[in-house]
file coords.cif (mmCIF, C-alpha atoms)
data_final
loop_
_atom_site.group_PDB
_atom_site.id
_atom_site.type_symbol
_atom_site.label_atom_id
_atom_site.label_comp_id
_atom_site.auth_asym_id
_atom_site.auth_seq_id
_atom_site.Cartn_x
_atom_site.Cartn_y
_atom_site.Cartn_z
ATOM 1 C CA MET H 511 -22.895 5.585 -10.007
ATOM 2 C CA ILE H 512 -22.206 7.296 -13.367
ATOM 3 C CA GLY H 513 -21.342 4.786 -16.042
ATOM 4 C CA GLU H 514 -18.818 2.675 -14.175
ATOM 5 C CA ILE H 515 -17.763 5.257 -11.606
ATOM 6 C CA THR H 516 -18.761 5.594 -8.000
ATOM 7 C CA ILE H 517 -17.980 8.894 -6.267
ATOM 8 C CA PRO H 518 -18.054 8.675 -2.457
ATOM 9 C CA ASP H 519 -21.154 10.561 -1.366
ATOM 10 C CA ALA H 520 -20.078 11.028 2.232
ATOM 11 C CA LYS H 521 -17.100 13.286 1.569
ATOM 12 C CA VAL H 522 -17.167 16.813 0.165
ATOM 13 C CA PRO H 523 -13.680 17.253 -1.338
ATOM 14 C CA LYS H 524 -11.633 20.337 -0.562
ATOM 15 C CA VAL H 525 -9.461 21.395 -3.510
ATOM 16 C CA VAL H 526 -7.010 24.272 -3.962
ATOM 17 C CA CYS H 527 -6.474 25.315 -7.604
ATOM 18 C CA LEU H 528 -3.531 27.556 -8.488
ATOM 19 C CA GLY H 529 -2.629 29.223 -11.757
ATOM 20 C CA LEU H 530 -4.198 31.245 -14.508
ATOM 21 C CA SER H 531 -7.424 33.230 -14.436
ATOM 22 C CA ALA H 532 -8.311 34.922 -17.702
ATOM 23 C CA LEU H 533 -11.100 36.826 -19.367
ATOM 24 C CA ASP H 534 -12.209 35.178 -22.616
ATOM 25 C CA ARG H 535 -13.759 37.168 -25.424
ATOM 26 C CA ILE H 536 -15.472 34.694 -27.742
ATOM 27 C CA TRP H 537 -16.586 35.018 -31.342
ATOM 28 C CA ARG H 538 -18.767 32.286 -32.900
ATOM 29 C CA VAL H 539 -18.284 31.817 -36.631
ATOM 30 C CA GLU H 540 -19.334 29.305 -39.264
ATOM 31 C CA THR H 541 -15.764 28.599 -40.398
ATOM 32 C CA GLY H 542 -12.473 29.744 -38.893
ATOM 33 C CA PHE H 543 -9.556 31.525 -40.531
ATOM 34 C CA SER H 544 -8.000 29.625 -43.422
ATOM 35 C CA GLY H 545 -4.523 30.963 -42.746
ATOM 36 C CA GLY H 546 -4.170 32.317 -46.257
ATOM 37 C CA GLY H 547 -3.119 35.875 -45.411
ATOM 38 C CA SER H 548 -5.260 38.935 -44.754
ATOM 39 C CA GLU H 549 -8.751 37.654 -44.090
ATOM 40 C CA LYS H 550 -12.019 38.787 -42.544
ATOM 41 C CA ILE H 551 -14.725 36.431 -41.270
ATOM 42 C CA ARG H 552 -18.214 37.218 -40.036
ATOM 43 C CA ALA H 553 -19.178 36.376 -36.444
ATOM 44 C CA ALA H 554 -22.703 35.264 -35.645
ATOM 45 C CA GLU H 555 -22.251 35.989 -31.937
ATOM 46 C CA HIS H 556 -19.841 37.670 -29.526
ATOM 47 C CA LEU H 557 -19.724 37.213 -25.781
ATOM 48 C CA THR H 558 -17.386 37.562 -22.825
ATOM 49 C CA GLU H 559 -16.666 34.663 -20.493
ATOM 50 C CA HIS H 560 -14.366 33.970 -17.587
ATOM 51 C CA GLY H 561 -11.611 31.452 -18.287
ATOM 52 C CA GLY H 562 -8.163 30.237 -17.366
ATOM 53 C CA LEU H 563 -6.873 26.705 -16.809
ATOM 54 C CA ALA H 564 -6.908 26.407 -13.009
ATOM 55 C CA ALA H 565 -9.665 29.018 -12.739
ATOM 56 C CA ASN H 566 -12.141 26.931 -14.742
ATOM 57 C CA ALA H 567 -11.018 23.859 -12.824
ATOM 58 C CA ALA H 568 -11.860 25.617 -9.547
ATOM 59 C CA VAL H 569 -15.335 26.511 -10.797
ATOM 60 C CA THR H 570 -15.824 22.916 -11.945
ATOM 61 C CA VAL H 571 -15.075 21.659 -8.432
ATOM 62 C CA ALA H 572 -17.583 24.155 -7.034
ATOM 63 C CA ARG H 573 -20.294 23.233 -9.557
ATOM 64 C CA LEU H 574 -19.861 19.566 -8.682
ATOM 65 C CA GLY H 575 -20.403 20.330 -5.003
ATOM 66 C CA GLY H 576 -16.848 20.503 -3.716
ATOM 67 C CA THR H 577 -15.191 23.186 -1.608
ATOM 68 C CA THR H 578 -12.620 25.076 -3.613
ATOM 69 C CA ALA H 579 -10.232 28.004 -3.433
ATOM 70 C CA PHE H 580 -8.469 29.710 -6.311
ATOM 71 C CA TRP H 581 -4.940 30.997 -5.707
ATOM 72 C CA GLY H 582 -3.609 33.273 -8.401
ATOM 73 C CA ARG H 583 -2.874 36.755 -9.669
ATOM 74 C CA ALA H 584 -4.527 39.382 -11.834
ATOM 75 C CA GLY H 585 -4.220 43.082 -12.353
ATOM 76 C CA ASP H 586 -6.095 45.531 -10.167
ATOM 77 C CA ASP H 587 -8.026 46.519 -13.294
ATOM 78 C CA ASP H 588 -11.529 46.118 -14.680
ATOM 79 C CA ALA H 589 -10.828 42.582 -15.914
ATOM 80 C CA GLY H 590 -9.323 41.474 -12.589
ATOM 81 C CA ARG H 591 -12.205 42.816 -10.532
ATOM 82 C CA PHE H 592 -14.681 41.259 -12.955
ATOM 83 C CA MET H 593 -12.995 37.861 -12.549
ATOM 84 C CA ALA H 594 -12.924 38.092 -8.751
ATOM 85 C CA GLY H 595 -16.634 38.838 -8.666
ATOM 86 C CA ALA H 596 -17.408 35.905 -10.919
ATOM 87 C CA PHE H 597 -15.438 33.515 -8.688
ATOM 88 C CA ALA H 598 -17.297 34.711 -5.628
ATOM 89 C CA ALA H 599 -20.636 34.232 -7.398
ATOM 90 C CA GLU H 600 -19.688 30.572 -8.025
ATOM 91 C CA GLY H 601 -18.798 29.983 -4.379
ATOM 92 C CA VAL H 602 -15.038 29.849 -5.021
ATOM 93 C CA ASP H 603 -12.859 31.193 -2.190
ATOM 94 C CA VAL H 604 -10.901 34.172 -3.596
ATOM 95 C CA GLU H 605 -9.141 35.298 -0.411
ATOM 96 C CA HIS H 606 -5.828 34.464 -2.105
ATOM 97 C CA PHE H 607 -6.662 35.626 -5.622
ATOM 98 C CA ARG H 608 -4.478 38.723 -5.535
ATOM 99 C CA LEU H 609 -5.281 41.789 -7.663
ATOM 100 C CA LEU H 610 -1.938 43.521 -8.072
ATOM 101 C CA GLU H 611 -1.589 47.268 -8.476
ATOM 102 C CA GLY H 612 0.213 48.010 -11.731
ATOM 103 C CA GLY H 613 -0.424 44.476 -13.030
ATOM 104 C CA ALA H 614 -2.304 43.573 -16.179
ATOM 105 C CA SER H 615 -4.905 40.795 -16.223
ATOM 106 C CA SER H 616 -4.867 37.947 -18.738
ATOM 107 C CA VAL H 617 -7.290 38.303 -21.653
ATOM 108 C CA SER H 618 -7.957 35.829 -24.503
ATOM 109 C CA ALA H 619 -9.657 36.065 -27.896
ATOM 110 C CA ILE H 620 -11.357 32.794 -28.903
ATOM 111 C CA ILE H 621 -12.809 31.926 -32.327
ATOM 112 C CA VAL H 622 -15.250 28.975 -32.198
ATOM 113 C CA ASP H 623 -16.325 27.474 -35.543
ATOM 114 C CA GLY H 624 -19.422 25.515 -36.502
ATOM 115 C CA ASN H 625 -17.761 22.210 -35.587
ATOM 116 C CA GLY H 626 -17.009 23.357 -32.053
ATOM 117 C CA GLU H 627 -13.273 23.693 -32.704
ATOM 118 C CA ARG H 628 -11.477 26.813 -31.511
ATOM 119 C CA GLN H 629 -8.549 29.132 -32.194
ATOM 120 C CA ILE H 630 -7.133 31.157 -29.278
ATOM 121 C CA ALA H 631 -4.972 34.272 -28.963
ATOM 122 C CA ASN H 632 -3.954 34.795 -25.343
ATOM 123 C CA PHE H 633 -2.276 37.616 -23.407
ATOM 124 C CA ARG H 634 -1.180 35.857 -20.231
ATOM 125 C CA GLY H 635 -1.005 38.978 -18.149
ATOM 126 C CA ALA H 636 1.835 40.861 -16.493
ATOM 127 C CA PHE H 637 2.492 40.586 -12.766
ATOM 128 C CA PRO H 638 5.248 39.565 -10.307
ATOM 129 C CA THR H 639 6.047 35.842 -10.049
ATOM 130 C CA ASP H 640 7.039 35.776 -6.354
ATOM 131 C CA PRO H 641 4.798 33.268 -4.473
ATOM 132 C CA SER H 642 6.005 34.143 -0.959
ATOM 133 C CA TRP H 643 2.609 35.631 -0.037
ATOM 134 C CA LEU H 644 0.783 32.306 -0.497
ATOM 135 C CA PRO H 645 -0.619 30.877 2.790
ATOM 136 C CA LEU H 646 1.322 27.629 2.545
ATOM 137 C CA SER H 647 1.721 27.139 6.294
ATOM 138 C CA THR H 648 -2.064 26.818 6.649
ATOM 139 C CA LEU H 649 -2.653 24.766 3.500
ATOM 140 C CA ASP H 650 -5.599 22.453 4.107
ATOM 141 C CA ALA H 651 -6.948 20.410 1.187
ATOM 142 C CA ASP H 652 -7.745 16.892 -0.004
ATOM 143 C CA CYS H 653 -5.764 17.572 -3.180
ATOM 144 C CA VAL H 654 -4.196 20.510 -5.008
ATOM 145 C CA LEU H 655 -4.208 21.315 -8.716
ATOM 146 C CA GLY H 656 -1.734 23.575 -10.461
ATOM 147 C CA ASP H 657 -1.319 24.706 -14.042
ATOM 148 C CA PRO H 658 1.979 25.663 -15.746
ATOM 149 C CA ARG H 659 1.131 29.359 -16.156
ATOM 150 C CA TRP H 660 2.604 30.302 -12.759
ATOM 151 C CA PRO H 661 5.552 27.930 -12.278
ATOM 152 C CA ASP H 662 6.897 29.595 -9.133
ATOM 153 C CA GLY H 663 3.485 29.385 -7.493
ATOM 154 C CA ALA H 664 2.905 25.761 -8.531
ATOM 155 C CA ASP H 665 6.384 24.793 -7.314
ATOM 156 C CA ALA H 666 5.739 26.333 -3.901
ATOM 157 C CA LEU H 667 2.243 24.838 -3.602
ATOM 158 C CA PHE H 668 3.329 21.344 -4.649
ATOM 159 C CA ARG H 669 6.286 21.313 -2.258
ATOM 160 C CA SER H 670 4.064 22.293 0.634
ATOM 161 C CA ALA H 671 1.411 19.750 -0.348
ATOM 162 C CA ARG H 672 4.038 17.001 -0.547
ATOM 163 C CA GLN H 673 5.178 17.816 2.981
ATOM 164 C CA LYS H 674 1.596 17.516 4.209
ATOM 165 C CA GLY H 675 0.816 14.315 2.249
ATOM 166 C CA ILE H 676 -1.705 16.058 -0.032
ATOM 167 C CA PRO H 677 -1.949 14.688 -3.617
ATOM 168 C CA THR H 678 -0.623 17.031 -6.310
ATOM 169 C CA ILE H 679 -2.193 17.207 -9.785
ATOM 170 C CA LEU H 680 -0.659 19.099 -12.718
ATOM 171 C CA ASP H 681 -2.539 20.403 -15.749
ATOM 172 C CA GLY H 682 -0.157 19.500 -18.595
ATOM 173 C CA GLU H 683 -1.224 22.174 -21.047
ATOM 174 C CA VAL H 684 1.335 23.443 -23.573
ATOM 175 C CA ALA H 685 4.353 24.922 -21.781
ATOM 176 C CA ASP H 686 8.119 25.149 -22.100
ATOM 177 C CA SER H 687 9.951 21.900 -21.365
ATOM 178 C CA GLU H 688 11.855 23.585 -18.556
ATOM 179 C CA ILE H 689 8.591 24.169 -16.705
ATOM 180 C CA PHE H 690 7.550 20.517 -16.916
ATOM 181 C CA GLU H 691 11.035 19.376 -15.917
ATOM 182 C CA ARG H 692 10.743 21.582 -12.847
ATOM 183 C CA LEU H 693 7.199 20.629 -11.802
ATOM 184 C CA LEU H 694 6.921 16.938 -12.711
ATOM 185 C CA PRO H 695 9.229 15.750 -9.889
ATOM 186 C CA LEU H 696 6.742 17.416 -7.501
ATOM 187 C CA THR H 697 3.659 16.008 -9.238
ATOM 188 C CA ASP H 698 1.807 12.857 -8.196
ATOM 189 C CA GLN H 699 -0.553 12.830 -11.183
ATOM 190 C CA VAL H 700 -0.324 14.790 -14.422
ATOM 191 C CA ILE H 701 -2.852 15.003 -17.239
ATOM 192 C CA PHE H 702 -1.509 16.446 -20.478
ATOM 193 C CA SER H 703 -3.341 17.835 -23.446
ATOM 194 C CA GLU H 704 -2.241 16.098 -26.646
ATOM 195 C CA PRO H 705 -0.299 19.189 -27.852
ATOM 196 C CA GLY H 706 1.181 19.607 -24.367
ATOM 197 C CA LEU H 707 2.536 16.051 -24.262
ATOM 198 C CA SER H 708 3.758 16.096 -27.856
ATOM 199 C CA GLY H 709 5.560 19.393 -27.379
ATOM 200 C CA PHE H 710 7.263 18.131 -24.251
ATOM 201 C CA ALA H 711 8.095 14.526 -25.107
ATOM 202 C CA GLY H 712 7.396 13.870 -28.807
ATOM 203 C CA PRO H 713 4.477 12.580 -30.900
ATOM 204 C CA ASP H 714 4.639 8.886 -29.978
ATOM 205 C CA ILE H 715 2.184 8.628 -27.101
ATOM 206 C CA ALA H 716 3.592 5.526 -25.418
ATOM 207 C CA SER H 717 7.191 6.762 -25.315
ATOM 208 C CA ALA H 718 6.065 10.289 -24.408
ATOM 209 C CA LEU H 719 4.065 9.039 -21.415
ATOM 210 C CA GLN H 720 7.014 6.932 -20.292
ATOM 211 C CA HIS H 721 9.351 9.915 -20.567
ATOM 212 C CA ALA H 722 7.002 12.088 -18.524
ATOM 213 C CA ALA H 723 6.609 9.340 -15.915
ATOM 214 C CA SER H 724 10.399 9.071 -15.569
ATOM 215 C CA PHE H 725 10.317 12.289 -13.517
ATOM 216 C CA GLY H 726 8.446 10.444 -10.757
ATOM 217 C CA SER H 727 4.688 10.923 -11.271
ATOM 218 C CA LYS H 728 2.740 7.779 -10.413
ATOM 219 C CA MET H 729 0.120 8.460 -13.092
ATOM 220 C CA VAL H 730 0.567 10.240 -16.423
ATOM 221 C CA ALA H 731 -2.341 10.705 -18.817
ATOM 222 C CA VAL H 732 -3.092 12.484 -22.079
ATOM 223 C CA THR H 733 -6.544 13.616 -23.211
ATOM 224 C CA ARG H 734 -7.250 13.406 -26.958
ATOM 225 C CA GLY H 735 -10.724 14.839 -27.419
ATOM 226 C CA ASN H 736 -13.076 12.510 -29.239
ATOM 227 C CA LYS H 737 -10.271 9.920 -29.444
ATOM 228 C CA GLY H 738 -10.511 9.341 -25.708
ATOM 229 C CA LEU H 739 -7.532 9.239 -23.387
ATOM 230 C CA VAL H 740 -4.432 7.175 -22.705
ATOM 231 C CA TRP H 741 -2.731 6.846 -19.349
ATOM 232 C CA LEU H 742 0.283 5.156 -17.779
ATOM 233 C CA GLU H 743 -0.023 3.759 -14.276
ATOM 234 C CA ASP H 744 2.104 1.128 -12.537
ATOM 235 C CA GLY H 745 4.119 0.705 -15.736
ATOM 236 C CA ARG H 746 1.042 -0.218 -17.797
ATOM 237 C CA ILE H 747 -0.433 1.855 -20.604
ATOM 238 C CA GLN H 748 -4.230 1.844 -20.774
ATOM 239 C CA GLU H 749 -6.805 3.486 -23.033
ATOM 240 C CA MET H 750 -10.295 4.827 -22.407
ATOM 241 C CA PRO H 751 -12.732 5.758 -25.206
ATOM 242 C CA ALA H 752 -14.452 9.117 -25.228
ATOM 243 C CA PRO H 753 -18.092 9.226 -24.066
ATOM 244 C CA ASN H 754 -20.641 8.973 -26.867
ATOM 245 C CA VAL H 755 -21.916 12.551 -27.141
ATOM 246 C CA VAL H 756 -22.325 15.117 -29.911
ATOM 247 C CA ALA H 757 -19.887 17.933 -29.161
ATOM 248 C CA ILE H 758 -20.806 21.450 -30.231
ATOM 249 C CA ASP H 759 -18.196 23.477 -28.299
ATOM 250 C CA THR H 760 -14.908 22.227 -26.847
ATOM 251 C CA THR H 761 -14.006 25.522 -25.124
ATOM 252 C CA ALA H 762 -12.599 24.835 -21.628
ATOM 253 C CA ALA H 763 -13.078 21.065 -21.978
ATOM 254 C CA GLY H 764 -9.563 20.353 -20.753
ATOM 255 C CA ASP H 765 -9.925 22.704 -17.784
ATOM 256 C CA VAL H 766 -13.207 21.036 -16.840
ATOM 257 C CA PHE H 767 -11.597 17.596 -17.134
ATOM 258 C CA HIS H 768 -8.865 18.617 -14.688
ATOM 259 C CA GLY H 769 -11.310 20.124 -12.211
ATOM 260 C CA ALA H 770 -13.564 17.063 -12.295
ATOM 261 C CA TYR H 771 -10.540 14.783 -11.886
ATOM 262 C CA ALA H 772 -9.334 16.776 -8.867
ATOM 263 C CA PHE H 773 -12.856 16.620 -7.391
ATOM 264 C CA ALA H 774 -12.916 12.825 -7.731
ATOM 265 C CA ILE H 775 -9.398 12.316 -6.365
ATOM 266 C CA GLY H 776 -10.193 14.643 -3.474
ATOM 267 C CA ALA H 777 -13.358 12.622 -2.777
ATOM 268 C CA GLY H 778 -11.273 9.463 -2.471
ATOM 269 C CA ALA H 779 -11.992 7.818 -5.844
ATOM 270 C CA ALA H 780 -9.442 5.550 -7.533
ATOM 271 C CA ILE H 781 -7.440 6.863 -10.496
ATOM 272 C CA GLU H 782 -9.332 4.974 -13.227
ATOM 273 C CA ASP H 783 -12.685 5.917 -11.722
ATOM 274 C CA SER H 784 -11.560 9.522 -11.499
ATOM 275 C CA LEU H 785 -10.518 9.522 -15.169
ATOM 276 C CA THR H 786 -13.884 8.043 -16.161
ATOM 277 C CA PHE H 787 -15.727 10.647 -14.136
ATOM 278 C CA ALA H 788 -13.663 13.521 -15.534
ATOM 279 C CA SER H 789 -14.272 12.285 -19.092
ATOM 280 C CA ALA H 790 -18.020 12.310 -18.454
ATOM 281 C CA VAL H 791 -18.077 15.810 -16.980
ATOM 282 C CA ALA H 792 -15.946 17.251 -19.795
ATOM 283 C CA ALA H 793 -18.025 15.482 -22.449
ATOM 284 C CA LEU H 794 -21.299 16.871 -21.106
ATOM 285 C CA LYS H 795 -19.763 20.366 -21.087
ATOM 286 C CA CYS H 796 -18.972 19.904 -24.792
ATOM 287 C CA THR H 797 -22.635 19.279 -25.636
ATOM 288 C CA ARG H 798 -23.370 22.890 -24.614
ATOM 289 C CA ALA H 799 -22.278 26.204 -26.056
ATOM 290 C CA GLY H 800 -19.823 28.143 -23.937
ATOM 291 C CA GLY H 801 -16.845 27.534 -21.723
ATOM 292 C CA ARG H 802 -17.339 28.136 -18.006
ATOM 293 C CA ALA H 803 -21.046 28.781 -18.495
ATOM 294 C CA ALA H 804 -21.463 25.225 -19.820
ATOM 295 C CA ILE H 805 -19.858 23.406 -16.856
ATOM 296 C CA PRO H 806 -22.441 20.933 -15.511
ATOM 297 C CA THR H 807 -23.438 20.169 -11.968
ATOM 298 C CA LEU H 808 -23.312 16.662 -10.557
ATOM 299 C CA ASP H 809 -27.101 16.386 -10.692
ATOM 300 C CA GLU H 810 -27.104 17.421 -14.360
ATOM 301 C CA LEU H 811 -24.509 14.785 -15.144
ATOM 302 C CA ARG H 812 -26.505 12.062 -13.415
ATOM 303 C CA SER H 813 -29.708 13.146 -15.156
ATOM 304 C CA PHE H 814 -28.050 13.139 -18.579
ATOM 305 C CA GLU H 815 -26.591 9.682 -18.001
ATOM 306 C CA ARG H 816 -29.954 8.261 -16.945
ATOM 307 C CA LYS H 817 -31.542 9.592 -20.147
ATOM 308 C CA THR H 818 -28.800 8.703 -22.633
ATOM 309 C CA HIS H 819 -26.397 6.138 -21.113
ATOM 310 C CA ALA H 820 -23.765 8.149 -22.993
ATOM 311 C CA TYR H 821 -21.009 7.433 -20.475
ATOM 312 C CA THR H 822 -21.623 3.728 -19.872
ATOM 313 C CA ARG H 823 -18.686 1.743 -21.177
#
call {"tool": "encode", "arguments": {"input": "coords.cif", "output": "structure tokens"}}
result
Amino acid sequence: MIGEITIPDAKVPKVVCLGLSALDRIWRVETGFSGGGSEKIRAAEHLTEHGGLAANAAVTVARLGGTTAFWGRAGDDDAGRFMAGAFAAEGVDVEHFRLLEGGASSVSAIIVDGNGERQIANFRGAFPTDPSWLPLSTLDADCVLGDPRWPDGADALFRSARQKGIPTILDGEVADSEIFERLLPLTDQVIFSEPGLSGFAGPDIASALQHAASFGSKMVAVTRGNKGLVWLEDGRIQEMPAPNVVAIDTTAAGDVFHGAYAFAIGAGAAIEDSLTFASAVAALKCTRAGGRAAIPTLDELRSFERKTHAYTR
């Protein structure tokens, strides 16, 4: 029991996460760029972390005690090999994380200010889009999670999962509308970032959720940081406040939310319980500096809740 959520203890969920793996180079500053032209700011710290939407989600599942595999692409370069080693160290299955000769791995530059807010410049990598090498015939999972950074791969994975009755979850981060229009009909549950939903369906949350749901997803949600989240299920719009924590770094919070949600759905939890659980995991991550390095374990989450009651609604 964490707040009002119960995660089945008897089942270790098996989750396949497909999409982007990136290397994040992070600079911590007091204040970010003002946008007023040529400008130089001083960094108090610089570090390198592993990132990527589905990649961080996969690590989140592993940290929480689930069984997870990451399916994706990177270049057969220093960054790609570095990422593969980091996955393996976390217990993530990388048999189908392909390092492609002649490809270029995804690398991001992230500026984190004193309020925990961030600015990101991302090179998404360069590699073939063909997903025919994915082991879809042997797909075995309690749920699958895809992000929009590899549409061909997510399309193939979601179609196969649908055929096998495996729930499909889409990370609704900012992407072209054509990508969402392609993937949403294959998606059982989608969780958008606020910019992702607004860019796809407009700024009015209620009408945007309804538009997204019109493609066939049974649950559509949008995360809004410290404003909590809103979701549409069974034709009814509901809201959930954010946990009461002091955030110092929001890096990877959305990725962690998606991974924790997939963990809960894979473990057999109901949608509202899974959203509550994912909110708690992402919120605890935000109380720590770092992206992937700050992802909590299930025991850490339970310990923090016992001490603070931060997630009790």
call {"tool": "resolve_selection", "arguments": {"input": "coords.cif", "expression": "the PyMOL selection byres ((chain H and resi 766) around 10)", "output": "PyMOL selection string"}}
result
chain H and resi 563-571+761-765+767-772+788-789+791-793+795-796+801-802+804-806
call {"tool": "resolve_selection", "arguments": {"input": "coords.cif", "expression": "the PyMOL selection byres ((chain H and resi 653-665) around 6)", "output": "short mmCIF file (atom, residue, chain, number, x, y, z; two decimals) with C-alpha atoms, in the frame of the given file"}}
result
data_model
loop_
_atom_site.label_atom_id
_atom_site.label_comp_id
_atom_site.auth_asym_id
_atom_site.auth_seq_id
_atom_site.Cartn_x
_atom_site.Cartn_y
_atom_site.Cartn_z
CA VAL H 525 -9.46 21.40 -3.51
CA VAL H 526 -7.01 24.27 -3.96
CA CYS H 527 -6.47 25.32 -7.60
CA LEU H 528 -3.53 27.56 -8.49
CA GLY H 529 -2.63 29.22 -11.76
CA LEU H 530 -4.20 31.24 -14.51
CA ALA H 564 -6.91 26.41 -13.01
CA PRO H 641 4.80 33.27 -4.47
CA ALA H 651 -6.95 20.41 1.19
CA ASP H 652 -7.74 16.89 0.00
CA ALA H 666 5.74 26.33 -3.90
CA LEU H 667 2.24 24.84 -3.60
CA PHE H 668 3.33 21.34 -4.65
CA ILE H 676 -1.70 16.06 -0.03
CA PRO H 677 -1.95 14.69 -3.62
CA THR H 678 -0.62 17.03 -6.31
CA ILE H 679 -2.19 17.21 -9.78
CA LEU H 680 -0.66 19.10 -12.72
CA ASP H 681 -2.54 20.40 -15.75
CA GLY H 776 -10.19 14.64 -3.47
#
call {"tool": "residues_around", "arguments": {"input": "coords.cif", "residues": "stretch 617-634 of chain H", "least_positions_apart": "6", "cutoff": "12 Å", "atoms": "only C-alpha atoms", "output": "JSON, numbers by chain"}}
result
{"H": [529, 530, 531, 532, 533, 534, 535, 536, 537, 538, 539, 540, 541, 542, 543, 544, 545, 551, 552, 553, 554, 555, 556, 557, 558, 559, 560, 561, 562, 563, 583, 584, 585, 587, 588, 589, 590, 592, 593, 658, 659, 660, 735, 736, 756, 757, 758, 759, 760, 761, 762, 763, 795, 796, 797, 798, 799, 800, 801]}
call {"tool": "atom_distance", "arguments": {"input": "coords.cif", "atom1": "atom CA of H:Val730", "atom2": "atom CA of H:Ser670"}}
result
21.2 Å
call {"tool": "atom_distance", "arguments": {"input": "coords.cif", "atom1": "atom CA of H:Thr733", "atom2": "atom CA of H:Leu694"}}
result
17.4 Å
call {"tool": "closest_residue", "arguments": {"input": "coords.cif", "among": "H:Ala731, H:Ala596, H:Ala718, H:Val522", "to": "H:Ser784", "atoms": "only C-alpha atoms"}}
result
H:Ala731
call {"tool": "closest_residue", "arguments": {"input": "coords.cif", "among": "H:Leu785, H:Ala716, H:Leu794, H:Val755", "to": "H:Ile701", "atoms": "all atoms listed in the file"}}
result
H:Leu785
call {"tool": "residues_around", "arguments": {"input": "coords.cif", "residues": "H:Val602", "least_positions_apart": "6", "cutoff": "8 Å", "atoms": "only C-alpha atoms", "output": "list in words"}}
result
Ala568, Val569, Ala572, Thr577, Thr578, Ala579 and Phe580 of chain H
call {"tool": "closest_residue", "arguments": {"input": "coords.cif", "among": "H:Ile747, H:Ala614, H:Ala752, H:Met729", "to": "H:Ala780", "atoms": "all atoms listed in the file"}}
result
H:Met729
call {"tool": "resolve_selection", "arguments": {"input": "coords.cif", "expression": "the PyMOL selection byres ((chain H and resi 607) around 7)", "output": "PyMOL selection string"}}
result
chain H and resi 580-583+604-606+608-609
call {"tool": "atom_distance", "arguments": {"input": "coords.cif", "atom1": "atom CA of H:Arg669", "atom2": "atom CA of H:Thr639"}}
result
16.5 Å
call {"tool": "closest_residue", "arguments": {"input": "coords.cif", "among": "H:Lys524, H:Ser708, H:Phe725, H:Ala790", "to": "H:Glu810", "atoms": "only C-alpha atoms"}}
result
H:Ala790
call {"tool": "closest_residue", "arguments": {"input": "coords.cif", "among": "H:Arg812, H:Ala598, H:Thr697, H:Pro523", "to": "H:Asp650", "atoms": "all atoms listed in the file"}}
result
H:Pro523
call {"tool": "axis_aligned_box", "arguments": {"input": "coords.cif", "around": "stretch 553-564 of chain H", "padding_each_side": "6 Å", "output": "lines of an AutoDock Vina configuration file"}}
result
center_x = -14.8
center_y = 32.0
center_z = -24.7
size_x = 27.8
size_y = 23.3
size_z = 35.4
